[in-house]
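For reference, the structure is listed below as structure tokens.
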Amino acid sequence: MAAGELEGGKPLSGLLNALAQDTFHGYPGITEELLRSQLYPEVAPEEFRPFLAKMRGILKSIASADMDFNQLEAFLTAQTKKQGGITSDQAAVISKFWKSHKTKIRESLMNQSRWNSGLRGLSWRVDGKSQSRHSAQIHTPVAIIELELGKYGQESEFLCLEFDEVKVNQILKTLSEVEESISTLISQPN
Amino acid sequence: MEATSEPPLDAKSDVTNQLVDFQWKLGMAVSSDTCRSLKYPYVAVMLKVADHSGQVKTKCFEMTIPQFQ
């Protein structure tokens with residue numbers, strides 16, 4: 001068994017990266033054959049397939065449980081002791097990978113589970129309306145806000161809103177109510 | 001037709017809307033089919049906006065806490 005060729009090191013790092021791109025970040029076109037030929041060309045397809053499945057499974061378990069470093073070490077140690085599990089070199093590579101990619105993967109998982117539009121961007125400016133034919137409003141400031149909204153995997157939609165000063169203050173008041181609610185939530189032990 | 005001296009908007013949407021209503025809720029995503037341990041709080045917003053013709057539309061979206069702040 002060419003176990004030596006399936007050891008850790010650079011190919012495994014590359015493999016985990018590609019698996020993350022495919023499983024979490026939605027990058028298209030990452031096939032088993034592509035991975036094998038690029039990263040493990042010496043390994044036969046029949047041998048590569050279960051290896052790939054094992055690594056994907058491990059990565060998914062770690063991400064799904066959002067493991068902290070203690071949980072990660074315990075989990076990987078258990079995997080090294082299993083029949084058909086991983087080597088300690090491989091465990092080290094996986095551990096290093098999760099530590100540096102955890103945040104990004106978590107963010108992708110959050111995006112995937114949001115089925116409403118998300119706020120992708122916000123721009124604003126303040127205009128001074130100088131005059132109009134029917135009223136003598138001079139230099140009435142108007143805030144114009146453009147929200148960029150979008151669902152996961154879909155193009156953005158732009159929403160343009162206009163506010164006068166009164167409205168802006170109302171919104172600010174509402175936003176501070178939200179802020180207060182957030183502080184209460186975060187300060188509660190869970 | 002009223003002429004305002006607003007410069008043409010450099011924006012990507014053609015219409016400027018007025019905000020009619022703003023509702024919000026603070027939620028916590030606990031888990032999902034793709035992730036057993038999501039644990040992230042989010043702010044969900046529902047805006048009611050009216051365009052120049054008075055037509056009212058509802059727009060919903062979510063933000064993470066860092067986005068909100």
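In the structure tokens, the first chain shown is A, the next is B, and so on; residue numbers restart at 1 for each chain, and ligands run from 1 in the order shown.
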Item to complete: For Val45 (chain B), list every protein, DNA or RNA residue within 9 Å, evaluated using only C-alpha atoms, and leave out those in the same chain fewer than 4 positions away; present the list as a PyMOL selection string.
Response: chain B and resi 22-26+59-63
Worksheet item: Quick one: residues within 12 Å of Gln55 (chain B), only C-alpha atoms counted, chain neighbours fewer than 3 positions away excluded, as number ranges by chain?
Response: B: 15, 17-20, 48-52, 58
Write out the residues from the selection above, keeping C-alpha atoms, as a short mmCIF file (atom, residue, chain, number, x, y, z; two decimals), in the first residue's frame.
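So out.cif came out as:
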```
data_model
loop_
_atom_site.label_atom_id
_atom_site.label_comp_id
_atom_site.auth_asym_id
_atom_site.auth_seq_id
_atom_site.Cartn_x
_atom_site.Cartn_y
_atom_site.Cartn_z
CA VAL B 15 -35.37 55.13 -8.45
CA ASN B 17 -37.43 55.49 -2.54
CA GLN B 18 -38.77 56.89 0.68
CA LEU B 19 -38.58 54.75 3.75
CA VAL B 20 -42.07 54.13 5.08
CA LYS B 48 -41.18 49.15 3.58
CA VAL B 49 -40.26 51.61 0.86
CA ALA B 50 -42.37 53.79 -1.41
CA ASP B 51 -41.27 54.98 -4.82
CA HIS B 52 -42.36 58.21 -6.53
CA THR B 58 -41.13 45.29 1.14
#
```
Item checked: Point-to-point distance from CA of Pro41 (chain A) to CA of Ile62 (chain A), Å rounded to tenths ->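 So the two atoms, CA of Pro41 (chain A) and CA of Ile62 (chain A), lie 27.1 Å apart.
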Using only C-alpha atoms and a distance of at most 9 Å, pull out the residues of chain A that contact chain B, as a PyMOL selection string. chain A and resi 60-61+63-67+106+109-110+112-114+116-120+127-134+144+146+149-151+157-163+167+171+174-175+178-179+181-182+185-186
Since we have the selection now, will you write its residues out, keeping C-alpha atoms, as a PDB file, in the first residue's frame?
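Resulting contents of out34.pdb:
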```pdb
ATOM      1  CA  LYS A  60     -16.857  18.547   7.271  1.00  0.00           C
ATOM      2  CA  SER A  61     -17.036  17.181  10.825  1.00  0.00           C
ATOM      3  CA  ALA A  63     -16.464  22.626  10.343  1.00  0.00           C
ATOM      4  CA  SER A  64     -19.908  21.395  11.291  1.00  0.00           C
ATOM      5  CA  ALA A  65     -19.049  21.279  14.970  1.00  0.00           C
ATOM      6  CA  ASP A  66     -17.103  24.530  14.708  1.00  0.00           C
ATOM      7  CA  MET A  67     -14.411  22.896  16.800  1.00  0.00           C
ATOM      8  CA  ARG A 106     -17.313  29.662   9.106  1.00  0.00           C
ATOM      9  CA  LEU A 109     -21.238  28.397   6.213  1.00  0.00           C
ATOM     10  CA  MET A 110     -23.051  31.398   7.632  1.00  0.00           C
ATOM     11  CA  GLN A 112     -24.925  29.443   2.892  1.00  0.00           C
ATOM     12  CA  SER A 113     -27.458  29.207   5.686  1.00  0.00           C
ATOM     13  CA  ARG A 114     -28.843  32.680   5.125  1.00  0.00           C
ATOM     14  CA  ASN A 116     -32.814  36.029   2.840  1.00  0.00           C
ATOM     15  CA  SER A 117     -30.783  38.670   1.101  1.00  0.00           C
ATOM     16  CA  GLY A 118     -27.722  39.813   2.921  1.00  0.00           C
ATOM     17  CA  LEU A 119     -26.366  43.320   3.071  1.00  0.00           C
ATOM     18  CA  ARG A 120     -23.425  43.349   0.713  1.00  0.00           C
ATOM     19  CA  ASP A 127     -27.229  66.343  -1.012  1.00  0.00           C
ATOM     20  CA  GLY A 128     -28.408  69.873  -0.530  1.00  0.00           C
ATOM     21  CA  LYS A 129     -31.672  70.370  -2.406  1.00  0.00           C
ATOM     22  CA  SER A 130     -31.540  73.998  -3.394  1.00  0.00           C
ATOM     23  CA  GLN A 131     -34.882  74.788  -4.877  1.00  0.00           C
ATOM     24  CA  SER A 132     -37.873  73.513  -6.716  1.00  0.00           C
ATOM     25  CA  ARG A 133     -40.588  75.282  -8.654  1.00  0.00           C
ATOM     26  CA  HIS A 134     -43.297  74.908  -6.039  1.00  0.00           C
ATOM     27  CA  ILE A 144     -29.230  59.333   0.048  1.00  0.00           C
ATOM     28  CA  GLU A 146     -27.740  53.001  -1.468  1.00  0.00           C
ATOM     29  CA  LEU A 149     -28.485  43.431  -1.221  1.00  0.00           C
ATOM     30  CA  GLY A 150     -28.034  39.919  -2.472  1.00  0.00           C
ATOM     31  CA  LYS A 151     -28.865  36.313  -1.866  1.00  0.00           C
ATOM     32  CA  GLU A 157     -29.914  44.209  -6.109  1.00  0.00           C
ATOM     33  CA  PHE A 158     -29.585  47.912  -5.341  1.00  0.00           C
ATOM     34  CA  LEU A 159     -32.019  49.846  -3.212  1.00  0.00           C
ATOM     35  CA  CYS A 160     -31.797  53.609  -3.083  1.00  0.00           C
ATOM     36  CA  LEU A 161     -33.392  55.461  -0.188  1.00  0.00           C
ATOM     37  CA  GLU A 162     -33.837  59.117   0.565  1.00  0.00           C
ATOM     38  CA  PHE A 163     -34.068  60.579   4.068  1.00  0.00           C
ATOM     39  CA  LYS A 167     -36.001  60.469   9.305  1.00  0.00           C
ATOM     40  CA  ILE A 171     -33.435  55.610  12.089  1.00  0.00           C
ATOM     41  CA  THR A 174     -34.048  52.601  16.046  1.00  0.00           C
ATOM     42  CA  LEU A 175     -30.489  51.462  15.392  1.00  0.00           C
ATOM     43  CA  VAL A 178     -31.033  47.286  18.076  1.00  0.00           C
ATOM     44  CA  GLU A 179     -27.548  47.892  19.474  1.00  0.00           C
ATOM     45  CA  SER A 181     -30.648  44.435  22.224  1.00  0.00           C
ATOM     46  CA  ILE A 182     -27.426  43.025  20.803  1.00  0.00           C
ATOM     47  CA  LEU A 185     -27.902  39.141  23.979  1.00  0.00           C
ATOM     48  CA  ILE A 186     -24.120  39.006  23.916  1.00  0.00           C
TER      49      ILE A 186
END
```
From CA of Trp115 (chain A) to CA of Glu148 (chain A) the spacing works out at 15.9 Å
Nearby residues (only C-alpha atoms) at most 12 Å from Gln38 (chain A), same-chain spacing under 3 positions excluded, as a PDB file with N, CA, C and O atoms, in the first residue's frame:
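Contents of the output file result21.pdb:
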```
ATOM      1  N   LYS A  10       2.839  19.064   1.788  1.00  0.00           N
ATOM      2  CA  LYS A  10       2.241  20.029   0.861  1.00  0.00           C
ATOM      3  C   LYS A  10       1.029  19.508   0.091  1.00  0.00           C
ATOM      4  O   LYS A  10       0.051  20.205  -0.018  1.00  0.00           O
ATOM      5  N   PRO A  11       1.080  18.282  -0.440  1.00  0.00           N
ATOM      6  CA  PRO A  11      -0.110  17.828  -1.183  1.00  0.00           C
ATOM      7  C   PRO A  11      -1.358  17.836  -0.314  1.00  0.00           C
ATOM      8  O   PRO A  11      -2.424  18.231  -0.768  1.00  0.00           O
ATOM      9  N   LEU A  12      -1.235  17.425   0.937  1.00  0.00           N
ATOM     10  CA  LEU A  12      -2.423  17.366   1.794  1.00  0.00           C
ATOM     11  C   LEU A  12      -2.949  18.763   2.062  1.00  0.00           C
ATOM     12  O   LEU A  12      -4.155  19.002   2.043  1.00  0.00           O
ATOM     13  N   GLY A  14      -2.679  21.308   0.122  1.00  0.00           N
ATOM     14  CA  GLY A  14      -3.352  21.716  -1.119  1.00  0.00           C
ATOM     15  C   GLY A  14      -4.704  21.053  -1.263  1.00  0.00           C
ATOM     16  O   GLY A  14      -5.678  21.664  -1.694  1.00  0.00           O
ATOM     17  N   LEU A  15      -4.754  19.778  -0.876  1.00  0.00           N
ATOM     18  CA  LEU A  15      -6.005  19.030  -0.981  1.00  0.00           C
ATOM     19  C   LEU A  15      -7.076  19.636  -0.079  1.00  0.00           C
ATOM     20  O   LEU A  15      -8.231  19.815  -0.476  1.00  0.00           O
ATOM     21  N   ALA A  18      -8.408  22.797  -1.532  1.00  0.00           N
ATOM     22  CA  ALA A  18      -9.323  22.541  -2.643  1.00  0.00           C
ATOM     23  C   ALA A  18     -10.660  22.017  -2.126  1.00  0.00           C
ATOM     24  O   ALA A  18     -11.729  22.399  -2.611  1.00  0.00           O
ATOM     25  N   ILE A  30     -14.104  21.479  -9.196  1.00  0.00           N
ATOM     26  CA  ILE A  30     -13.047  20.738  -8.503  1.00  0.00           C
ATOM     27  C   ILE A  30     -13.436  19.271  -8.465  1.00  0.00           C
ATOM     28  O   ILE A  30     -14.268  18.862  -7.672  1.00  0.00           O
ATOM     29  N   THR A  31     -12.865  18.502  -9.363  1.00  0.00           N
ATOM     30  CA  THR A  31     -13.220  17.084  -9.442  1.00  0.00           C
ATOM     31  C   THR A  31     -12.171  16.222  -8.779  1.00  0.00           C
ATOM     32  O   THR A  31     -11.030  16.652  -8.560  1.00  0.00           O
ATOM     33  N   GLU A  32     -12.566  14.987  -8.509  1.00  0.00           N
ATOM     34  CA  GLU A  32     -11.658  14.016  -7.897  1.00  0.00           C
ATOM     35  C   GLU A  32     -10.443  13.805  -8.785  1.00  0.00           C
ATOM     36  O   GLU A  32      -9.302  13.765  -8.317  1.00  0.00           O
ATOM     37  N   GLU A  33     -10.671  13.673 -10.072  1.00  0.00           N
ATOM     38  CA  GLU A  33      -9.578  13.407 -11.004  1.00  0.00           C
ATOM     39  C   GLU A  33      -8.617  14.588 -11.064  1.00  0.00           C
ATOM     40  O   GLU A  33      -7.396  14.414 -11.136  1.00  0.00           O
ATOM     41  N   LEU A  34      -9.158  15.789 -11.022  1.00  0.00           N
ATOM     42  CA  LEU A  34      -8.316  16.989 -11.041  1.00  0.00           C
ATOM     43  C   LEU A  34      -7.396  17.000  -9.820  1.00  0.00           C
ATOM     44  O   LEU A  34      -6.195  17.234  -9.930  1.00  0.00           O
ATOM     45  N   LEU A  35      -7.976  16.699  -8.679  1.00  0.00           N
ATOM     46  CA  LEU A  35      -7.202  16.710  -7.446  1.00  0.00           C
ATOM     47  C   LEU A  35      -6.130  15.634  -7.467  1.00  0.00           C
ATOM     48  O   LEU A  35      -4.978  15.877  -7.110  1.00  0.00           O
ATOM     49  N   PRO A  41      -0.346  12.480  -8.192  1.00  0.00           N
ATOM     50  CA  PRO A  41      -0.323  11.773  -9.487  1.00  0.00           C
ATOM     51  C   PRO A  41       0.171  10.328  -9.395  1.00  0.00           C
ATOM     52  O   PRO A  41      -0.167   9.506 -10.234  1.00  0.00           O
ATOM     53  N   GLU A  42       0.950  10.016  -8.356  1.00  0.00           N
ATOM     54  CA  GLU A  42       1.483   8.655  -8.217  1.00  0.00           C
ATOM     55  C   GLU A  42       0.465   7.685  -7.644  1.00  0.00           C
ATOM     56  O   GLU A  42       0.689   6.484  -7.642  1.00  0.00           O
ATOM     57  N   VAL A  43      -0.625   8.204  -7.133  1.00  0.00           N
ATOM     58  CA  VAL A  43      -1.602   7.340  -6.450  1.00  0.00           C
ATOM     59  C   VAL A  43      -2.691   6.924  -7.425  1.00  0.00           C
ATOM     60  O   VAL A  43      -3.198   7.741  -8.202  1.00  0.00           O
TER      61      VAL A  43
END
```
